[in-house]
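Engineer: Sharing structure_39.cif, mmCIF, C-alpha atoms and all ligand atoms:
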data_start
loop_
_atom_site.label_atom_id
_atom_site.label_comp_id
_atom_site.auth_asym_id
_atom_site.auth_seq_id
_atom_site.Cartn_x
_atom_site.Cartn_y
_atom_site.Cartn_z
CA MET A 26 0.00 0.00 0.00
CA ASN A 27 1.51 3.38 -0.98
CA GLU A 28 1.23 6.54 1.11
CA LEU A 29 -1.70 7.97 -0.92
CA ASP A 30 -3.62 4.71 -0.43
CA ARG A 31 -3.08 5.03 3.32
CA VAL A 32 -4.51 8.57 3.25
CA ARG A 33 -7.42 7.27 1.17
CA GLU A 34 -8.15 4.59 3.77
CA LYS A 35 -8.23 7.28 6.44
CA VAL A 36 -10.59 9.47 4.38
CA GLU A 37 -12.92 6.60 3.56
CA SER A 38 -13.17 5.57 7.20
CA GLY A 39 -14.32 9.11 8.00
CA ASP A 40 -11.17 10.22 9.87
CA LYS A 41 -9.91 13.79 9.65
CA ILE A 42 -6.68 14.15 7.70
CA ASP A 43 -3.69 16.06 9.06
CA PHE A 44 -1.15 18.44 7.51
CA ASP A 45 1.20 15.65 6.36
CA ASN A 46 -1.67 13.73 4.77
CA ALA A 47 -2.67 16.91 2.89
CA LYS A 48 0.90 17.28 1.60
CA ILE A 49 0.85 13.72 0.29
CA ILE A 50 -2.34 14.51 -1.63
CA LEU A 51 -1.00 17.76 -3.09
CA GLU A 52 2.31 16.19 -4.09
CA SER A 53 0.79 13.08 -5.65
CA ASP A 54 0.20 12.96 -9.40
CA ASN A 55 -2.49 10.30 -9.08
CA LEU A 56 -5.21 12.77 -10.03
CA LEU A 57 -7.97 10.22 -10.44
CA GLU A 58 -7.41 8.65 -7.03
CA ILE A 59 -7.49 12.10 -5.42
CA GLY A 60 -10.73 12.81 -7.30
CA GLU A 61 -12.23 9.51 -6.11
CA MET A 62 -11.43 10.37 -2.49
CA ALA A 63 -13.11 13.77 -2.77
CA ARG A 64 -16.05 12.38 -4.69
CA SER A 65 -16.73 9.75 -2.02
CA ILE A 66 -17.11 12.56 0.54
CA LYS A 67 -19.34 14.57 -1.81
CA ILE A 68 -21.58 11.53 -2.37
CA LYS A 69 -21.87 10.91 1.38
CA LYS A 70 -22.90 14.53 1.94
CA THR A 71 -25.18 15.34 -0.98
CA GLY A 72 -25.65 12.12 -2.96
CA LYS A 73 -26.23 12.76 -6.65
CA LYS A 74 -27.40 16.34 -6.11
CA VAL A 75 -25.53 19.26 -7.64
CA TYR A 76 -26.74 22.73 -6.76
CA PHE A 77 -27.02 25.88 -8.83
CA VAL A 78 -28.72 29.22 -8.23
CA PHE A 79 -30.55 31.60 -10.53
CA ASN A 80 -28.58 34.67 -9.52
CA LYS A 81 -27.05 37.95 -10.61
CA HIS A 82 -23.72 39.46 -9.65
CA ILE A 83 -23.58 43.19 -9.09
CA ASN A 84 -20.23 44.94 -8.69
CA TYR A 85 -21.43 48.35 -7.52
CA THR A 86 -18.14 50.21 -7.99
CA ASN A 87 -14.65 49.57 -9.32
CA LEU A 88 -13.13 52.43 -7.30
CA CYS A 89 -11.00 50.90 -4.59
CA VAL A 90 -8.50 52.17 -2.06
CA SER A 91 -6.99 48.73 -1.43
CA LYS A 92 -5.09 48.35 -4.74
CA CYS A 93 -4.29 44.63 -4.45
CA LYS A 94 -1.63 43.40 -6.87
CA PHE A 95 -3.72 40.45 -8.06
CA CYS A 96 -6.66 42.63 -9.10
CA ALA A 97 -7.47 43.86 -12.62
CA PHE A 98 -10.81 45.30 -11.62
CA TYR A 99 -9.97 48.32 -9.46
CA ARG A 100 -9.67 51.93 -10.65
CA ASN A 101 -8.41 55.04 -8.85
CA GLY A 102 -11.28 57.28 -9.92
CA ASP A 103 -10.05 59.41 -12.82
CA GLU A 104 -9.94 56.69 -15.52
CA PRO A 105 -12.64 56.78 -18.24
CA ASP A 106 -13.97 53.38 -17.18
CA ALA A 107 -14.14 54.14 -13.44
CA TYR A 108 -17.76 53.78 -12.26
CA THR A 109 -20.00 53.78 -9.23
CA MET A 110 -23.62 52.68 -9.32
CA GLU A 111 -26.28 54.58 -7.40
CA THR A 112 -28.99 52.62 -5.60
CA ASN A 113 -31.57 53.22 -8.33
CA GLN A 114 -29.14 51.81 -10.94
CA VAL A 115 -28.64 48.68 -8.83
CA VAL A 116 -32.42 48.26 -8.56
CA ASP A 117 -32.77 48.84 -12.34
CA GLU A 118 -30.15 46.17 -13.09
CA ILE A 119 -32.02 43.61 -11.01
CA SER A 120 -35.39 44.50 -12.56
CA LYS A 121 -33.94 43.74 -16.02
CA MET A 122 -33.51 40.10 -14.96
CA PRO A 123 -36.19 37.58 -15.95
CA GLU A 124 -38.75 36.43 -13.35
CA GLY A 125 -37.57 33.91 -10.78
CA ILE A 126 -34.16 35.28 -9.77
CA LYS A 127 -33.32 33.98 -6.28
CA GLU A 128 -30.05 35.67 -5.25
CA VAL A 129 -28.12 38.87 -5.85
CA HIS A 130 -24.41 38.61 -5.12
CA ILE A 131 -23.11 42.10 -4.40
CA VAL A 132 -19.46 43.03 -3.95
CA GLY A 133 -17.43 46.05 -4.94
CA GLY A 134 -14.26 48.03 -4.40
CA LEU A 135 -13.57 49.98 -1.20
CA HIS A 136 -15.00 53.29 -2.36
CA PRO A 137 -13.01 56.34 -1.20
CA THR A 138 -15.96 58.59 -0.29
CA LYS A 139 -19.34 56.79 -0.08
CA PRO A 140 -20.74 56.77 3.48
CA PHE A 141 -22.02 53.65 5.27
CA SER A 142 -25.61 54.84 4.61
CA TYR A 143 -25.05 54.20 0.86
CA TYR A 144 -24.62 50.46 1.53
CA ILE A 145 -27.53 50.28 3.95
CA GLU A 146 -29.81 52.03 1.44
CA MET A 147 -28.67 49.70 -1.33
CA VAL A 148 -29.59 46.58 0.67
CA ARG A 149 -32.86 48.10 1.90
CA ALA A 150 -33.92 49.18 -1.62
CA ILE A 151 -33.22 45.70 -3.03
CA LYS A 152 -35.18 44.00 -0.26
CA THR A 153 -38.10 46.42 -0.60
CA ASN A 154 -38.32 46.05 -4.38
CA PHE A 155 -37.53 42.32 -4.54
CA PRO A 156 -38.63 40.73 -1.26
CA ASP A 157 -38.22 37.18 -2.66
CA VAL A 158 -34.59 37.68 -3.67
CA ASP A 159 -31.84 36.74 -1.18
CA VAL A 160 -29.25 39.48 -0.69
CA LYS A 161 -25.80 37.90 -0.44
CA ALA A 162 -23.56 40.89 -0.07
CA PHE A 163 -20.23 42.34 1.09
CA THR A 164 -17.07 40.43 1.98
CA ALA A 165 -15.38 40.63 5.37
CA VAL A 166 -13.01 43.17 3.79
CA GLU A 167 -15.95 45.47 3.01
CA ILE A 168 -17.41 44.95 6.51
CA ASP A 169 -14.06 45.97 8.04
CA TYR A 170 -14.03 49.04 5.78
CA PHE A 171 -17.62 49.98 6.71
CA SER A 172 -16.59 49.73 10.34
CA LYS A 173 -13.70 52.16 9.69
CA ILE A 174 -15.81 54.71 7.77
CA SER A 175 -18.77 54.58 10.20
CA GLY A 176 -16.96 54.27 13.53
CA LEU A 177 -19.23 51.29 14.33
CA SER A 178 -17.99 47.89 15.54
CA TYR A 179 -18.14 44.84 13.25
CA GLU A 180 -21.16 43.65 15.23
CA GLU A 181 -22.99 46.97 14.85
CA VAL A 182 -22.24 47.11 11.10
CA LEU A 183 -23.52 43.58 10.59
CA LYS A 184 -26.63 44.18 12.72
CA GLU A 185 -27.48 47.31 10.68
CA LEU A 186 -27.02 45.43 7.41
CA LYS A 187 -29.10 42.49 8.64
CA LYS A 188 -31.87 44.87 9.70
CA ALA A 189 -31.78 46.39 6.19
CA GLY A 190 -32.17 42.94 4.59
CA LEU A 191 -28.78 41.22 4.33
CA ASP A 192 -29.34 37.44 4.16
CA SER A 193 -25.85 36.02 3.75
CA MET A 194 -22.28 36.97 2.87
CA PRO A 195 -19.95 35.82 0.10
CA GLY A 196 -16.54 34.34 0.84
CA GLY A 197 -14.24 36.77 -0.96
CA GLY A 198 -11.37 38.75 0.45
CA ALA A 199 -9.82 35.74 2.18
CA GLU A 200 -7.12 35.37 -0.52
CA VAL A 201 -4.42 33.33 1.28
CA PHE A 202 -4.23 33.57 5.07
CA SER A 203 -0.46 33.98 5.02
CA GLU A 204 1.10 37.16 6.38
CA ARG A 205 4.02 36.69 3.98
CA VAL A 206 1.70 36.70 0.95
CA ARG A 207 -0.52 39.45 2.36
CA ARG A 208 2.47 41.79 2.80
CA LYS A 209 3.59 41.08 -0.77
CA LEU A 210 0.31 41.27 -2.68
CA TYR A 211 -2.40 42.93 -0.58
CA PRO A 212 -0.76 44.86 2.26
CA ASN A 213 -3.76 47.20 2.62
CA LYS A 214 -6.23 44.39 3.15
CA ILE A 215 -7.20 42.71 6.42
CA GLY A 216 -5.51 39.42 7.33
CA PHE A 217 -6.85 36.24 8.90
CA ASP A 218 -7.47 37.68 12.39
CA LYS A 219 -9.94 40.31 11.24
CA TRP A 220 -11.40 38.23 8.40
CA SER A 221 -12.18 35.43 10.84
CA GLN A 222 -13.58 37.83 13.46
CA VAL A 223 -16.07 39.23 10.94
CA HIS A 224 -17.21 35.75 9.88
CA ALA A 225 -17.47 34.50 13.48
CA ILE A 226 -19.65 37.50 14.41
CA ALA A 227 -21.79 37.09 11.28
CA HIS A 228 -22.38 33.43 12.17
CA ARG A 229 -23.34 34.36 15.73
CA LEU A 230 -25.86 36.88 14.36
CA GLY A 231 -27.41 34.25 12.09
CA ILE A 232 -25.82 35.45 8.86
CA PRO A 233 -24.38 32.42 7.02
CA THR A 234 -21.24 33.04 4.97
CA ASN A 235 -18.88 31.45 2.46
CA ALA A 236 -15.10 31.24 2.32
CA THR A 237 -12.60 31.33 -0.55
CA LEU A 238 -8.92 30.75 -1.34
CA LEU A 239 -7.09 32.59 -4.12
CA PHE A 240 -4.33 30.30 -5.43
CA GLY A 241 -1.96 30.20 -8.37
CA HIS A 242 0.40 33.12 -7.56
CA VAL A 243 3.20 33.42 -4.96
CA GLU A 244 1.69 31.07 -2.39
CA THR A 245 3.34 27.77 -1.42
CA ASP A 246 1.65 24.38 -0.97
CA ASP A 247 2.13 24.71 2.80
CA GLU A 248 0.34 28.07 2.77
CA ILE A 249 -2.61 26.58 0.87
CA ILE A 250 -2.88 23.68 3.31
CA ASP A 251 -2.55 26.02 6.29
CA HIS A 252 -5.36 28.20 4.86
CA LEU A 253 -7.68 25.18 4.60
CA PHE A 254 -6.89 23.99 8.14
CA LYS A 255 -7.52 27.48 9.52
CA LEU A 256 -10.96 27.41 7.89
CA ARG A 257 -11.74 23.92 9.21
CA LYS A 258 -10.91 25.10 12.75
CA LEU A 259 -12.93 28.29 12.34
CA GLN A 260 -15.97 26.29 11.21
CA ASP A 261 -15.59 23.96 14.22
CA GLU A 262 -15.41 26.91 16.62
CA HIS A 263 -17.90 29.28 14.94
CA PRO A 264 -20.13 27.24 12.63
CA GLY A 265 -21.97 29.09 9.88
CA PHE A 266 -20.00 28.58 6.68
CA LEU A 267 -22.17 27.21 3.90
CA CYS A 268 -19.71 26.81 1.09
CA PHE A 269 -16.02 26.95 0.19
CA ILE A 270 -14.87 28.22 -3.21
CA PRO A 271 -11.26 27.84 -4.41
CA LEU A 272 -10.44 30.59 -6.93
CA SER A 273 -7.61 30.23 -9.42
CA PHE A 274 -5.69 33.41 -10.12
CA HIS A 275 -6.24 35.07 -13.52
CA PRO A 276 -3.16 37.23 -14.23
CA ALA A 277 -4.22 39.19 -17.35
CA ASN A 278 -4.35 43.00 -16.88
CA THR A 279 -3.14 42.76 -13.28
CA PRO A 280 0.21 44.13 -12.02
CA LEU A 281 1.34 40.46 -11.89
CA GLU A 282 0.72 39.82 -15.59
CA GLY A 283 3.82 38.24 -17.16
CA LYS A 284 5.05 36.97 -13.79
CA PHE A 285 2.55 34.10 -13.53
CA GLU A 286 0.73 31.85 -15.97
CA LYS A 287 -2.83 30.84 -15.15
CA VAL A 288 -2.67 27.46 -13.39
CA ASP A 289 -3.77 24.44 -15.40
CA ALA A 290 -6.85 22.27 -14.98
CA VAL A 291 -4.93 19.55 -13.10
CA ARG A 292 -3.94 22.00 -10.37
CA GLU A 293 -7.48 23.44 -10.22
CA LEU A 294 -9.00 19.97 -9.83
CA LYS A 295 -6.46 18.93 -7.20
CA ILE A 296 -7.12 22.00 -5.05
CA LEU A 297 -10.86 21.49 -5.43
CA ALA A 298 -10.54 17.86 -4.29
CA LEU A 299 -8.15 18.74 -1.45
CA SER A 300 -10.65 21.36 -0.22
CA ARG A 301 -13.44 18.78 -0.14
CA ILE A 302 -11.20 16.35 1.77
CA ILE A 303 -9.89 18.81 4.40
CA LEU A 304 -13.08 20.83 4.87
CA ASP A 305 -15.21 17.88 5.92
CA ASN A 306 -17.21 20.24 8.15
CA PHE A 307 -18.25 22.50 5.24
CA PRO A 308 -21.60 21.46 3.77
CA HIS A 309 -20.77 22.56 0.21
CA ILE A 310 -17.80 23.01 -2.15
CA LYS A 311 -18.27 25.12 -5.26
CA ALA A 312 -16.73 24.57 -8.70
CA TYR A 313 -17.07 28.22 -9.72
CA TRP A 314 -17.47 27.96 -13.49
CA VAL A 315 -16.60 31.63 -14.11
CA MET A 316 -13.01 31.05 -13.03
CA LEU A 317 -12.69 27.37 -13.96
CA SER A 318 -14.54 27.68 -17.31
CA PRO A 319 -17.79 25.75 -17.73
CA LYS A 320 -15.86 22.69 -18.99
CA VAL A 321 -13.44 22.36 -16.06
CA GLY A 322 -16.36 23.27 -13.77
CA GLN A 323 -18.23 20.21 -15.05
CA ILE A 324 -15.25 17.94 -14.37
CA GLY A 325 -14.95 19.56 -10.93
CA LEU A 326 -18.27 17.95 -10.03
CA HIS A 327 -16.43 14.61 -10.14
CA PHE A 328 -13.68 16.05 -7.90
CA GLY A 329 -15.76 16.75 -4.82
CA ALA A 330 -17.79 19.84 -5.75
CA ASP A 331 -21.56 19.74 -5.29
CA ASP A 332 -22.29 23.29 -6.45
CA ILE A 333 -21.51 25.15 -9.64
CA ASP A 334 -22.71 28.66 -8.60
CA GLY A 335 -25.22 30.32 -10.87
CA THR A 336 -26.32 32.15 -13.93
CA ILE A 337 -24.34 35.23 -12.74
CA GLY A 338 -25.78 37.70 -15.27
CA GLU A 339 -22.64 39.70 -15.84
CA GLU A 340 -19.46 39.19 -13.84
CA ARG A 341 -16.78 41.87 -13.95
CA VAL A 342 -13.95 40.98 -11.52
CA THR A 343 -12.63 37.84 -13.25
CA HIS A 344 -13.47 39.08 -16.71
CA ALA A 345 -11.34 42.19 -16.10
CA ALA A 346 -8.50 39.69 -15.48
CA GLY A 347 -8.99 37.88 -18.78
CA ALA A 348 -11.49 35.12 -17.96
CA GLU A 349 -12.59 33.51 -21.21
CA SER A 350 -15.81 32.06 -19.80
CA PRO A 351 -19.13 33.56 -20.95
CA LEU A 352 -20.43 36.58 -18.99
CA GLY A 353 -23.41 34.58 -17.79
CA LEU A 354 -25.15 31.28 -18.49
CA ALA A 355 -28.85 30.63 -19.02
CA LYS A 356 -30.68 28.46 -16.51
CA GLU A 357 -31.42 25.71 -19.08
CA TYR A 358 -27.73 25.62 -19.98
CA MET A 359 -26.80 25.10 -16.32
CA VAL A 360 -29.34 22.31 -15.91
CA ASN A 361 -27.97 20.47 -18.97
CA MET A 362 -24.38 21.13 -17.98
CA ILE A 363 -25.01 19.34 -14.64
CA LYS A 364 -27.21 16.60 -16.13
CA ASN A 365 -24.50 15.67 -18.64
CA THR A 366 -22.10 14.88 -15.78
CA GLY A 367 -24.52 12.21 -14.48
CA PHE A 368 -25.55 14.27 -11.44
CA THR A 369 -29.01 15.64 -10.62
CA PRO A 370 -29.38 19.42 -10.97
CA VAL A 371 -31.07 21.10 -8.02
CA GLU A 372 -31.97 24.76 -8.14
CA ARG A 373 -31.35 26.39 -4.74
CA ASP A 374 -31.61 29.80 -3.11
CA ALA A 375 -28.67 31.56 -1.38
CA LEU A 376 -29.24 29.50 1.79
CA TYR A 377 -29.38 26.15 -0.04
CA ASN A 378 -33.14 25.74 0.31
CA GLU A 379 -34.17 23.58 -2.64
CA ILE A 380 -36.37 25.29 -5.23
CA GLU A 381 -36.61 22.57 -7.91
CA VAL A 382 -35.07 19.17 -8.58
CA PHE A 383 -34.50 18.43 -12.30
CA ASN A 384 -34.73 14.61 -12.53
O1 LIG B 1 -11.67 38.07 -3.12
C1 LIG B 1 -9.83 39.01 -7.64
C2 LIG B 1 -10.76 37.01 -6.39
C3 LIG B 1 -12.64 37.25 -5.19
C4 LIG B 1 -8.82 38.02 -9.25
O2 LIG B 1 -19.07 33.41 -1.96
C5 LIG B 1 -9.48 37.07 -8.48
O3 LIG B 1 -20.30 32.34 -3.39
C6 LIG B 1 -8.72 35.40 -9.83
O4 LIG B 1 -15.07 35.83 -3.64
N1 LIG B 1 -8.05 36.28 -10.61
C7 LIG B 1 -14.07 37.71 -5.32
N2 LIG B 1 -9.43 35.77 -8.75
C8 LIG B 1 -14.95 36.61 -5.86
C9 LIG B 1 -15.50 35.76 -4.76
C10 LIG B 1 -16.61 34.81 -5.04
C11 LIG B 1 -16.88 34.41 -6.33
C12 LIG B 1 -17.95 33.53 -6.55
C13 LIG B 1 -18.73 33.09 -5.52
C14 LIG B 1 -18.45 33.50 -4.23
C15 LIG B 1 -19.31 33.06 -3.12
C16 LIG B 1 -17.39 34.36 -3.98
O5 LIG B 1 -12.13 37.11 -6.49
C17 LIG B 1 -11.64 38.14 -4.51
C18 LIG B 1 -10.35 37.57 -5.03
O6 LIG B 1 -9.93 36.48 -4.23
N3 LIG B 1 -10.06 37.72 -7.48
N4 LIG B 1 -9.06 39.22 -8.73
C19 LIG B 1 -8.07 37.57 -10.36
N5 LIG B 1 -7.38 38.42 -11.12
#
Would you mind writing the structure in this file as structure tokens?
Structural biologist:
Amino acid sequence: MNELDRVREKVESGDKIDFDNAKIILESDNLLEIGEMARSIKIKKTGKKVYFVFNKHINYTNLCVSKCKFCAFYRNGDEPDAYTMETNQVVDEISKMPEGIKEVHIVGGLHPTKPFSYYIEMVRAIKTNFPDVDVKAFTAVEIDYFSKISGLSYEEVLKELKKAGLDSMPGGGAEVFSERVRRKLYPNKIGFDKWSQVHAIAHRLGIPTNATLLFGHVETDDEIIDHLFKLRKLQDEHPGFLCFIPLSFHPANTPLEGKFEKVDAVRELKILALSRIILDNFPHIKAYWVMLSPKVGQIGLHFGADDIDGTIGEERVTHAAGAESPLGLAKEYMVNMIKNTGFTPVERDALYNEIEVFN
């Protein structure tokens, strides 16, 4: 029995893997065995179901004071394509969507001048106009920024947003929880301590959240594994994460263009599978088709993912960085995309309540 087989035995008997086991997985080139291990966990958790959501992404501004080196989306304010949406424009965008939309996913840059009331009004206006749509909005990085601009604590910011209609929070802004990488690529952004505080408080207040990892740049294997173990511990101590989404770095148009190639599908599938194996206390793992491409996203469903995100509408952050995937996918396309993998498509809302099963 080789060392990967021994890790597989551990996984299949339901034991938690440790750091060394994770290294064996990441260093192995037996991709299919790694996929099998992850898929067995996925099947235990969600059977043949694969979730998707009829949603729309709204990126309300590309002005940002953080200026992360991996980002192609941000602008300083004086460029011709710098923009900020007012609340009525956000509401207009959502009303252009066909009937039946279940989630709006709202994230944006850290705007230099907008007050906290702008964000509260945005959430309140969406909830008032579209009471049946879940508002999944603002990363921990934005919550930290709102706390700075308002003088309120994280808890007060989150309570205000919840009162206005916030249902859940996306998992962005986590990047890699390594101080070494943070100092190099996103020194103006919060690190693990604050990111985890925001999520722990959100969970306590009944706001479920997601978590992400941005990989494929300067990070090491150890830093990836450490990131995943930090999240597993956080979920044990402060449960409330719904889903984990590994995001592969897209270098085009970023300050890092030319220094890194986009990682290949093998690496994407391995990290997806490793996430499913380590994060055994996360209900869902997402193969985010926008970053993976719809084709690799489909294969990802056989590597431990049970969710493929949604129709998106029009995504700007990854497309600014050269994503070649379509801007959005129709609902029928998503259903067929999942069906063709042999899994059963299930339409969900932001909180994973099932809307329709497509047998
Ligand atoms: O935090 C930014 C990443 C994230 C690039 O919670 C980039 O359901 C690759 O978090 N190449 C935002 N990635 C997106 C995000 C997300 C997406 C889908 C679903 C959910 C969810 C969350 O995008 C950022 C950053 O890590 N990002 N620039 C880039 N050039």
Engineer: Enumerate residues in contact with ligand LIG 1 (chain B): an atom-to-atom distance of at most 8 Å, counting all atoms listed in the file. Format the result as JSON, numbers by chain.
Structural biologist: {"A": [95, 96, 97, 98, 130, 132, 164, 194, 195, 196, 197, 198, 199, 200, 234, 235, 236, 237, 238, 239, 268, 269, 270, 272, 273, 274, 275, 276, 277, 278, 279, 311, 313, 315, 316, 334, 342, 343, 345, 346, 347]}
Engineer: Since we have the selection now, will you write its residues out, keeping C-alpha atoms, as a compact mmCIF listing (two decimals), in the frame of the given file?
Structural biologist:
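File produced: again-v2.txt:
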# COMPACT_ATOMS: atom_id res chain seq x y z
CA PHE A 95 -3.72 40.45 -8.06
CA CYS A 96 -6.66 42.63 -9.10
CA ALA A 97 -7.47 43.86 -12.62
CA PHE A 98 -10.81 45.30 -11.62
CA HIS A 130 -24.41 38.61 -5.12
CA VAL A 132 -19.46 43.03 -3.95
CA THR A 164 -17.07 40.43 1.98
CA MET A 194 -22.28 36.97 2.87
CA PRO A 195 -19.95 35.82 0.10
CA GLY A 196 -16.54 34.34 0.84
CA GLY A 197 -14.24 36.77 -0.96
CA GLY A 198 -11.37 38.75 0.45
CA ALA A 199 -9.82 35.74 2.18
CA GLU A 200 -7.12 35.37 -0.52
CA THR A 234 -21.24 33.04 4.97
CA ASN A 235 -18.88 31.45 2.46
CA ALA A 236 -15.10 31.24 2.32
CA THR A 237 -12.60 31.33 -0.55
CA LEU A 238 -8.92 30.75 -1.34
CA LEU A 239 -7.09 32.59 -4.12
CA CYS A 268 -19.71 26.81 1.09
CA PHE A 269 -16.02 26.95 0.19
CA ILE A 270 -14.87 28.22 -3.21
CA LEU A 272 -10.44 30.59 -6.93
CA SER A 273 -7.61 30.23 -9.42
CA PHE A 274 -5.69 33.41 -10.12
CA HIS A 275 -6.24 35.07 -13.52
CA PRO A 276 -3.16 37.23 -14.23
CA ALA A 277 -4.22 39.19 -17.35
CA ASN A 278 -4.35 43.00 -16.88
CA THR A 279 -3.14 42.76 -13.28
CA LYS A 311 -18.27 25.12 -5.26
CA TYR A 313 -17.07 28.22 -9.72
CA VAL A 315 -16.60 31.63 -14.11
CA MET A 316 -13.01 31.05 -13.03
CA ASP A 334 -22.71 28.66 -8.60
CA VAL A 342 -13.95 40.98 -11.52
CA THR A 343 -12.63 37.84 -13.25
CA ALA A 345 -11.34 42.19 -16.10
CA ALA A 346 -8.50 39.69 -15.48
CA GLY A 347 -8.99 37.88 -18.78
Engineer: Kindly indicate which residue among A:Glu34, A:Glu61, A:Glu372, A:Glu180 lies nearest to Glu357 (chain A), using only C-alpha atoms for the distances.
Structural biologist: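 Ranking A:Glu34, A:Glu61, A:Glu372, A:Glu180 by distance to Glu357 (chain A), first place goes to A:Glu372.
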Engineer: So which residues touch Ser350 (chain A) within 12 Å, counting all atoms listed in the file, skipping near sequence neighbours fewer than 6 positions away, as an MDAnalysis selection string?
Structural biologist: chainID A and resid 275 313:322 337 339:341 343:344
Engineer: Which neighbours of Gly325 (chain A) fall inside 8 Å, counting all atoms listed in the file, when residues of the same chain fewer than 3 positions from it are skipped, and could you give them as a ChimeraX atom specification?
Structural biologist: /A:294,297,312,321-322,328-330
Engineer: Can you pull out every residue within 7 Å of Leu88 (chain A), counting all atoms listed in the file, but drop anything in the same chain fewer than 3 positions away, and send it as a VMD selection string?
Structural biologist: chain A and resid 99 to 102 107 to 108 134 to 136
Engineer: Atoms to include: C-alpha atoms. Write the selected residues as a CSV table (one decimal), in the coordinates of the input.
Structural biologist:
chain,number,residue,atom,x,y,z
A,99,TYR,CA,-10.0,48.3,-9.5
A,100,ARG,CA,-9.7,51.9,-10.6
A,101,ASN,CA,-8.4,55.0,-8.8
A,102,GLY,CA,-11.3,57.3,-9.9
A,107,ALA,CA,-14.1,54.1,-13.4
A,108,TYR,CA,-17.8,53.8,-12.3
A,134,GLY,CA,-14.3,48.0,-4.4
A,135,LEU,CA,-13.6,50.0,-1.2
A,136,HIS,CA,-15.0,53.3,-2.4
Engineer: Go through A:Val78, A:Ala47, A:Leu210, A:Ile174 one by one, measure the shortest atom-to-atom distance of each to Asp159 (chain A) using all atoms listed in the file, and give the residue with the smallest value.
Structural biologist: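 Smallest separation from Asp159 (chain A) among the options: A:Val78.
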Engineer: Distance CA of Lys356 (chain A)-CA of Gly335 (chain A), one decimal place?
Structural biologist: 8.1 Å
Engineer: Take every atom of region 263-272 of chain A listed in the file, pad by 3 Å on each side, and give me the axis-aligned box centre and edge lengths in Å, one decimal, as AutoDock Vina command-line options.
Structural biologist:
--center_x -16.3 --center_y 28.7 --center_z 4.0 --size_x 17.7 --size_y 9.8 --size_z 27.9
Engineer: So, with all atoms listed in the file as the atoms that count, which of A:Phe79, A:Tyr144, A:Ile226, A:Phe383 lies closest to Met122 (chain A)?
Structural biologist: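 Among the listed residues, A:Phe79 lies closest to Met122 (chain A).
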Engineer: At what distance in Å, to one decimal, does CA of Val223 (chain A) lie from CA of Pro137 (chain A)?
Structural biologist: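 So the two atoms, CA of Pro137 (chain A) and CA of Val223 (chain A), lie 21.2 Å apart.
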Engineer: Considering all atoms listed in the file, can you say which of A:Ala63, A:Val360, A:Leu376, A:Leu183 comes closest to Phe77 (chain A)?
Structural biologist: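 Ranking A:Ala63, A:Val360, A:Leu376, A:Leu183 by distance to Phe77 (chain A), first place goes to A:Val360.
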Engineer: Can you list, as a PyMOL selection string, every protein, DNA or RNA residue that comes within 10 Å of Glu28 (chain A) when you count only C-alpha atoms, leaving out same-chain residues fewer than 6 positions away?
Structural biologist: chain A and resi 34+46+49-50+53
Engineer: For a quick check of understanding, using all atoms listed in the file, which of A:Lys184, A:Asp169, A:Leu230, A:Gly265 has the smallest distance to Gly216 (chain A)?
Structural biologist: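 Nearest candidate to Gly216 (chain A) out of A:Lys184, A:Asp169, A:Leu230, A:Gly265: A:Asp169.
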Engineer: Rounded to one decimal in Å, what is the spacing between CA of Asp305 (chain A) and CA of Lys73 (chain A)?
Structural biologist: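 CA of Asp305 (chain A) sits 17.5 Å away from CA of Lys73 (chain A).
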Engineer: Set the distance at 10 Å and use only C-alpha atoms: which residues neighbour Thr112 (chain A) once local chain neighbours fewer than 5 positions away are removed? I'd like the list as a PyMOL selection string.
Structural biologist: chain A and resi 85+117-118+143-151
